[in-house]
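Trainee: Just dropping this structure here.
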Amino acid sequence: MIVCPRCSKENQDHYKFCLGCGSELPREAPSPRVLSPQTPASSALASAQAAVEQAVQQLNPAVSPDKALQFARTQGAEADSPARPATPPALGALQDVPTGPAPSGGAAAAVAAVRGVGPSPLLSSPSLAGSPRGQESAGGLNNCPACGNPVPVDFKFCGTCGHRMPGPLQGQPQASAQVNTSARPSRGALIVINPDGSEGGVFPLGESGSSVGRNHGTLFSADAYLSPTHATFTLQGTSCTVKDENSLNGVYVKLKRDMPMKLHDGDIFRIGQELIRFEVLGGPQFVNGVEPMGSPNPGYVGRLALVVGRESYGNGYPIPPDGIHLGRERGDVIFPEDGYVSGLHCRVHYDGSTCVLTDVGSSNGTFLRVRGSRSVVTGDLLLMGQQLFRLQC
Amino acid sequence: MEQARNYVCKECSTAVPSGHKFCGTCGAAVPVEVVELRIKYFGPMQAPGKARLTLIRGEGGGDGLSYMLQGTEHVTGREDGQILFPDDTWLSSRHANFVYEGGHLVVRDEGSLNGVYVRTRGSVALHHGDTFICGEQVFRVDPPPRDTAGPAADQTYFYTSPRKRYLFGVSQLLTGGGVGIALCSTTPSVLIGREECDVNFPSDVYMSGAHAKLEIGSDGALAITDLDSKNGTYARIKGHHRLQHGDYLFIGRELLRVEMTG
């Protein structure tokens with residue numbers, strides 16, 4: 001439990017921002033105990049540095065990825081903890097908090113390190129270690145090319161994600177232009193939005209199609225939730241087409257507030273940390289003239305199911321024609337434990353011909369997974385892997 | 001003066017012991033009505049060890065009708081049998097059978113699609129896939145969702161909603177097929193009712209406030225217990241089930257009460 005220093009509301013240990021007032025919570029509170037079973041609970045306030053080192057050690061590339069995963073899972077299972085590899089990507093970014101340099105100390109940073117380093121043995125691969133990608137910005141800080149957080153110039157590793165920082169710039173104008181956070185490209189780009197709301201690395205997009213994924217640049221290489229080739233962006237005039245390259249976790253686009261979006265059978269959307277699948281409910285299926293017995297069906301138009309694995313679903317809710325609301329505190333389906341879900345978040349209802357999903361003013365947005373490909377425009381927010389991007393065309 | 005205890009032969013006036021079909025002295029036949037005389041009940045409803053079914057609530061509006069189970073087989077169904085409910089689309093044409101086995105009334109599922117549900121007494125053990133009824137709702141108990149969130153062959157991690165330690169699931173089955181509400185429980189017991197339970201059905205007027213409790217033991221065994229609800233909890237029988245006086249059964253939409261006589 002973290003008591004908010006500003007409004008005194010009690011928040012769960014893994015929250016980064018206060019549920020009551022939205023201010024950033026002190027970072028030492030989330031206990032590193034979930035990171036290291038070997039560490040006694042008393043060392044819960046161990047420095048972030050130590051935690052990072054430990055995490056790196058435990059998850060060093062010599063450990064088989066399976067083991068690393070197992071570790072991460074065990075930790076995750078222990079306490080709904082942020083160490084879980086599936087901690088919400090960058091969703092906190094949209095929280096209403098003062099933006100500023102991301103604090104790189106505290107256990108949250110260690111957590112980020114686990115996320116970044118744990119699942120991706122790629123990080124320490126020599127091919128990635130040498131190439132210069134950082135760019136000096138104001139105040140003797142470089143932005144980490146992997147996670148976008150500021151890193152003092154004399155640091156060899158990023159304090160947030162453990163990425164090996166490139167050496168002093170040796171004049172590679174092209175490479176540095178790609179990740180320059182101060183000079184905005186004139187043409188299309190994906191711009192990383194950091195968990196604190198600031199903008200991080202920039203990935204330029206071209207008209208001939210630009211692929212993103214773990215094998216496509218340092219912005220993505222550390223994100224274990226991205227497929228090697230995840231999606232392709234093709235600029236077309238003032239818009240852009242994003243095509244999901246059969247990625248494992250998909251590409252999500254944030255809905256505009258109060259703008260209903262049509263749902264198809266099998267569509268997946270995300271609110272907070274929750275991944276939800278929509279399915280159409282079929283009509284009665286008689287078997288040899290006998291109707292399957294069951295509960296009264298008041299005309300349900302569809303159903304929502306929580307995705308908890310591949311083809312594996314947790315809680316499910318039928319959708320009556322007048323719709324259901326989803327939220328953390330209000331609505332028909334509530335997620336009281338997910339601090340990234342707004343009190344009242346989104347709605348699914350039947351508009352007379354089809355089921356639609358509407359964001360009803362959530363803080364962190366409602367993200368709908370792209371089916372195949374779709375057109376996106378400047379300002380659209382996209383969720384891929386663990387990162388949130390702003391699109392610029 | 002005394003009354004003869006046996007039939008007296010009308011030919012030779014010899015007394016014929018009861019049970020004999022012919023006179024032992026003259027060989028004359030004893031009349032059939034004398035030989036076959038049996039004590040009768042005033043009405044068939046008095047027959048001992050026999051049962052009747054009373055329709056408490058039925059699709060066809062025959063509430064209160066009684067069906068005497070005097071024969072050896074009493075097939076219930078939509079088209080084929082002795083006790084028919086042609087309007088009930090939940091019934092298979094030959095659905096269930098009531099028979100006497102060793103003097104006990106037994107209901108047997110004749111391989112019907114929707115099965116036979118008997119009102120529970122005490123706790124009833126359930127297994128994954130078993131179904132039960134509370135109020136108007138039909139439920140199925142499920143295994144916890146499979147953990148299939150491991151990384152892909154290319155070492156991409158699969159994103160899921162935050163996983164919890166699920167113990168078992170319970171799903172609401174909708175008429176016509178399909179699942180409505182599904183709950184994956186992280187606690188060993190789940191309360192089902194109209195309000196303030198773990199699964200609530202506020203618009204089901206046949207559901208009591210707290211209707212039934214579904215729980216999993218430390219050994220992983222599941223059981224359903226009715227919480228003194230007004231209308232009871234019904235569990236689907238497997239194969240056949242011995243009935244006793246006062247049992248209630250759902251066969252399709254037909255609710256029947258078992259009454260034993262004698």
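Ligands are numbered from 1 in the order shown, chains are lettered A, B, ... in the order of the structure tokens, and residues start at 1 in each chain.
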Please check the contacts: residues of chain B at most 7 Å away from chain A, using only C-alpha atoms, listed as an NGL selection string.

Mentor: :B and (89-92 or 114 or 136-138 or 145-149 or 156-164 or 172-178 or 180-184)

Trainee: Could you pull out the strand (DSSP E or B) residues of stretch 286-324 of chain A, going by DSSP on the backbone, and write them as number ranges by chain?

Mentor: A: 287, 290, 295, 302-309, 312-319, 324

Trainee: When you draw a straight line from atom CA of A:Val348 to atom CA of A:Leu263, how long is it in Å?

Mentor: 8.8 Å

Trainee: Which residues are close to A:Asp258, i.e. within 10 Å by only C-alpha atoms, leaving aside same-chain residues fewer than 5 positions away? Reply as a PyMOL selection string.

Mentor: chain A and resi 346-347+357-361

Trainee: Need to verify the contact set: B:His211, 8 Å, only C-alpha atoms, exclusion of same-chain residues closer than 4 positions in sequence. Can you return it as a PyMOL selection string?

Mentor: chain B and resi 134+191-194+207+226-229+232-233

Trainee: With N, CA and C atoms retained, could you export that selection as an mmCIF file, in the first residue's frame?

Mentor:
data_model
loop_
_atom_site.group_PDB
_atom_site.id
_atom_site.type_symbol
_atom_site.label_atom_id
_atom_site.label_comp_id
_atom_site.auth_asym_id
_atom_site.auth_seq_id
_atom_site.Cartn_x
_atom_site.Cartn_y
_atom_site.Cartn_z
ATOM 1 N N CYS B 134 -29.909 -22.846 -10.804
ATOM 2 C CA CYS B 134 -30.366 -22.023 -9.683
ATOM 3 C C CYS B 134 -31.342 -21.023 -10.283
ATOM 4 N N LEU B 191 -20.461 -17.480 -4.394
ATOM 5 C CA LEU B 191 -21.872 -17.397 -4.047
ATOM 6 C C LEU B 191 -22.659 -16.982 -5.274
ATOM 7 N N ILE B 192 -23.757 -17.690 -5.488
ATOM 8 C CA ILE B 192 -24.634 -17.364 -6.615
ATOM 9 C C ILE B 192 -25.952 -16.893 -6.030
ATOM 10 N N GLY B 193 -26.458 -15.778 -6.514
ATOM 11 C CA GLY B 193 -27.712 -15.273 -5.981
ATOM 12 C C GLY B 193 -28.224 -14.090 -6.762
ATOM 13 N N ARG B 194 -29.234 -13.438 -6.189
ATOM 14 C CA ARG B 194 -29.837 -12.317 -6.893
ATOM 15 C C ARG B 194 -29.067 -11.036 -6.630
ATOM 16 N N MET B 207 -34.661 -16.604 -8.251
ATOM 17 C CA MET B 207 -33.366 -16.741 -7.573
ATOM 18 C C MET B 207 -33.479 -16.089 -6.199
ATOM 19 N N ASP B 226 -27.040 -25.817 -1.686
ATOM 20 C CA ASP B 226 -28.132 -24.854 -1.718
ATOM 21 C C ASP B 226 -28.185 -24.131 -0.374
ATOM 22 N N LEU B 227 -28.416 -22.821 -0.417
ATOM 23 C CA LEU B 227 -28.423 -22.039 0.817
ATOM 24 C C LEU B 227 -29.867 -21.763 1.247
ATOM 25 N N ASP B 228 -30.638 -22.837 1.434
ATOM 26 C CA ASP B 228 -32.046 -22.715 1.826
ATOM 27 C C ASP B 228 -32.793 -21.754 0.913
ATOM 28 N N SER B 229 -32.544 -21.883 -0.352
ATOM 29 C CA SER B 229 -33.222 -21.007 -1.302
ATOM 30 C C SER B 229 -34.673 -21.418 -1.424
ATOM 31 N N GLY B 232 -34.745 -23.860 -4.607
ATOM 32 C CA GLY B 232 -33.822 -24.988 -4.646
ATOM 33 C C GLY B 232 -32.795 -24.916 -5.753
ATOM 34 N N THR B 233 -31.820 -25.803 -5.641
ATOM 35 C CA THR B 233 -30.747 -25.936 -6.615
ATOM 36 C C THR B 233 -30.867 -27.332 -7.202
#

Trainee: Within 8 Å of B:Ser66, counting only C-alpha atoms, which residues qualify if same-chain residues fewer than 6 places away don't, as a ChimeraX atom specification?

Mentor: /B:52-55

Trainee: Within 8 Å of A:Pro152, counting only C-alpha atoms, which residues qualify if same-chain residues fewer than 4 places away don't, as JSON, numbers by chain?

Mentor: {"A": [140, 141, 142]}

Trainee: Based on the selection just made, write C-alpha atoms of those residues as a PDB file, in the first residue's frame.

Mentor:
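Written file, again07.pdb:
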ATOM      1  CA  GLY A 140      24.673  16.520 -20.125  1.00  0.00           C
ATOM      2  CA  LEU A 141      22.009  13.910 -20.657  1.00  0.00           C
ATOM      3  CA  ASN A 142      21.672  11.454 -23.468  1.00  0.00           C
TER       4      ASN A 142
END

Trainee: As a PDB file with C-alpha atoms, in the first residue's frame, please: the residues near B:Phe98 (cut-off 6 Å, only C-alpha atoms, same-chain neighbours under 4 positions excluded).

Mentor:
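The new file part_30.pdb reads:
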ATOM      1  CA  GLU B  73     -41.766 -48.200 -17.613  1.00  0.00           C
ATOM      2  CA  HIS B  74     -42.883 -44.602 -17.789  1.00  0.00           C
ATOM      3  CA  VAL B 106     -35.469 -44.603 -10.254  1.00  0.00           C
ATOM      4  CA  VAL B 107     -35.306 -41.985 -12.960  1.00  0.00           C
TER       5      VAL B 107
END

Trainee: Give me, please, the distance in Å between atom CA of B:Lys213 and atom CA of B:Thr225, quoted to one decimal.

Mentor: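 Pair atom CA of B:Lys213 / atom CA of B:Thr225 returns 5.2 Å.
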
Trainee: Please, what distance in Å, to one decimal, runs between atom CA of A:Leu255 and atom CA of A:His349?

Mentor: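 So the answer is 15.3 Å.
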
Trainee: List every residue of stretch 143-380 of chain A that DSSP, applied to the backbone of this structure, assigns to helix (DSSP H, G or I), and report them as a VMD selection string.

Mentor: chain A and resid 173 to 179 218 to 221

Trainee: Just N, CA and C atoms for this one: save the residues we selected as a PDB file, in the first residue's frame.

Mentor:
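Final file, result22.pdb:
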ATOM      1  N   PRO A 173      25.841  11.183 -38.740  1.00  0.00           N
ATOM      2  CA  PRO A 173      24.687  12.080 -38.784  1.00  0.00           C
ATOM      3  C   PRO A 173      23.383  11.353 -39.098  1.00  0.00           C
ATOM      4  N   GLN A 174      23.480  10.328 -39.957  1.00  0.00           N
ATOM      5  CA  GLN A 174      22.232   9.677 -40.334  1.00  0.00           C
ATOM      6  C   GLN A 174      21.614   8.945 -39.150  1.00  0.00           C
ATOM      7  N   ALA A 175      22.466   8.193 -38.473  1.00  0.00           N
ATOM      8  CA  ALA A 175      21.970   7.421 -37.345  1.00  0.00           C
ATOM      9  C   ALA A 175      21.429   8.342 -36.261  1.00  0.00           C
ATOM     10  N   SER A 176      22.151   9.415 -36.023  1.00  0.00           N
ATOM     11  CA  SER A 176      21.709  10.256 -34.928  1.00  0.00           C
ATOM     12  C   SER A 176      20.439  11.025 -35.299  1.00  0.00           C
ATOM     13  N   ALA A 177      20.310  11.341 -36.571  1.00  0.00           N
ATOM     14  CA  ALA A 177      19.095  12.046 -36.963  1.00  0.00           C
ATOM     15  C   ALA A 177      17.865  11.190 -36.680  1.00  0.00           C
ATOM     16  N   GLN A 178      18.065   9.875 -36.785  1.00  0.00           N
ATOM     17  CA  GLN A 178      16.919   9.001 -36.598  1.00  0.00           C
ATOM     18  C   GLN A 178      16.372   9.027 -35.189  1.00  0.00           C
ATOM     19  N   VAL A 179      17.231   9.264 -34.236  1.00  0.00           N
ATOM     20  CA  VAL A 179      16.758   9.195 -32.866  1.00  0.00           C
ATOM     21  C   VAL A 179      16.833  10.552 -32.174  1.00  0.00           C
ATOM     22  N   THR A 218      16.807  -0.057 -32.775  1.00  0.00           N
ATOM     23  CA  THR A 218      17.031  -0.097 -31.332  1.00  0.00           C
ATOM     24  C   THR A 218      15.829   0.362 -30.531  1.00  0.00           C
ATOM     25  N   LEU A 219      14.947   1.124 -31.156  1.00  0.00           N
ATOM     26  CA  LEU A 219      13.759   1.537 -30.412  1.00  0.00           C
ATOM     27  C   LEU A 219      12.939   0.320 -30.014  1.00  0.00           C
ATOM     28  N   PHE A 220      13.066  -0.737 -30.810  1.00  0.00           N
ATOM     29  CA  PHE A 220      12.182  -1.885 -30.637  1.00  0.00           C
ATOM     30  C   PHE A 220      12.901  -3.135 -30.141  1.00  0.00           C
ATOM     31  N   SER A 221      14.224  -3.140 -30.248  1.00  0.00           N
ATOM     32  CA  SER A 221      14.931  -4.407 -30.055  1.00  0.00           C
ATOM     33  C   SER A 221      14.785  -4.960 -28.646  1.00  0.00           C
TER      34      SER A 221
END

Trainee: Restricting the calculation to only C-alpha atoms, which member of A:Phe278, A:Tyr340, A:Phe155, A:Phe233 is positioned closest to A:Lys262?

Mentor: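 Of all the options, A:Phe278 lies closest to A:Lys262.
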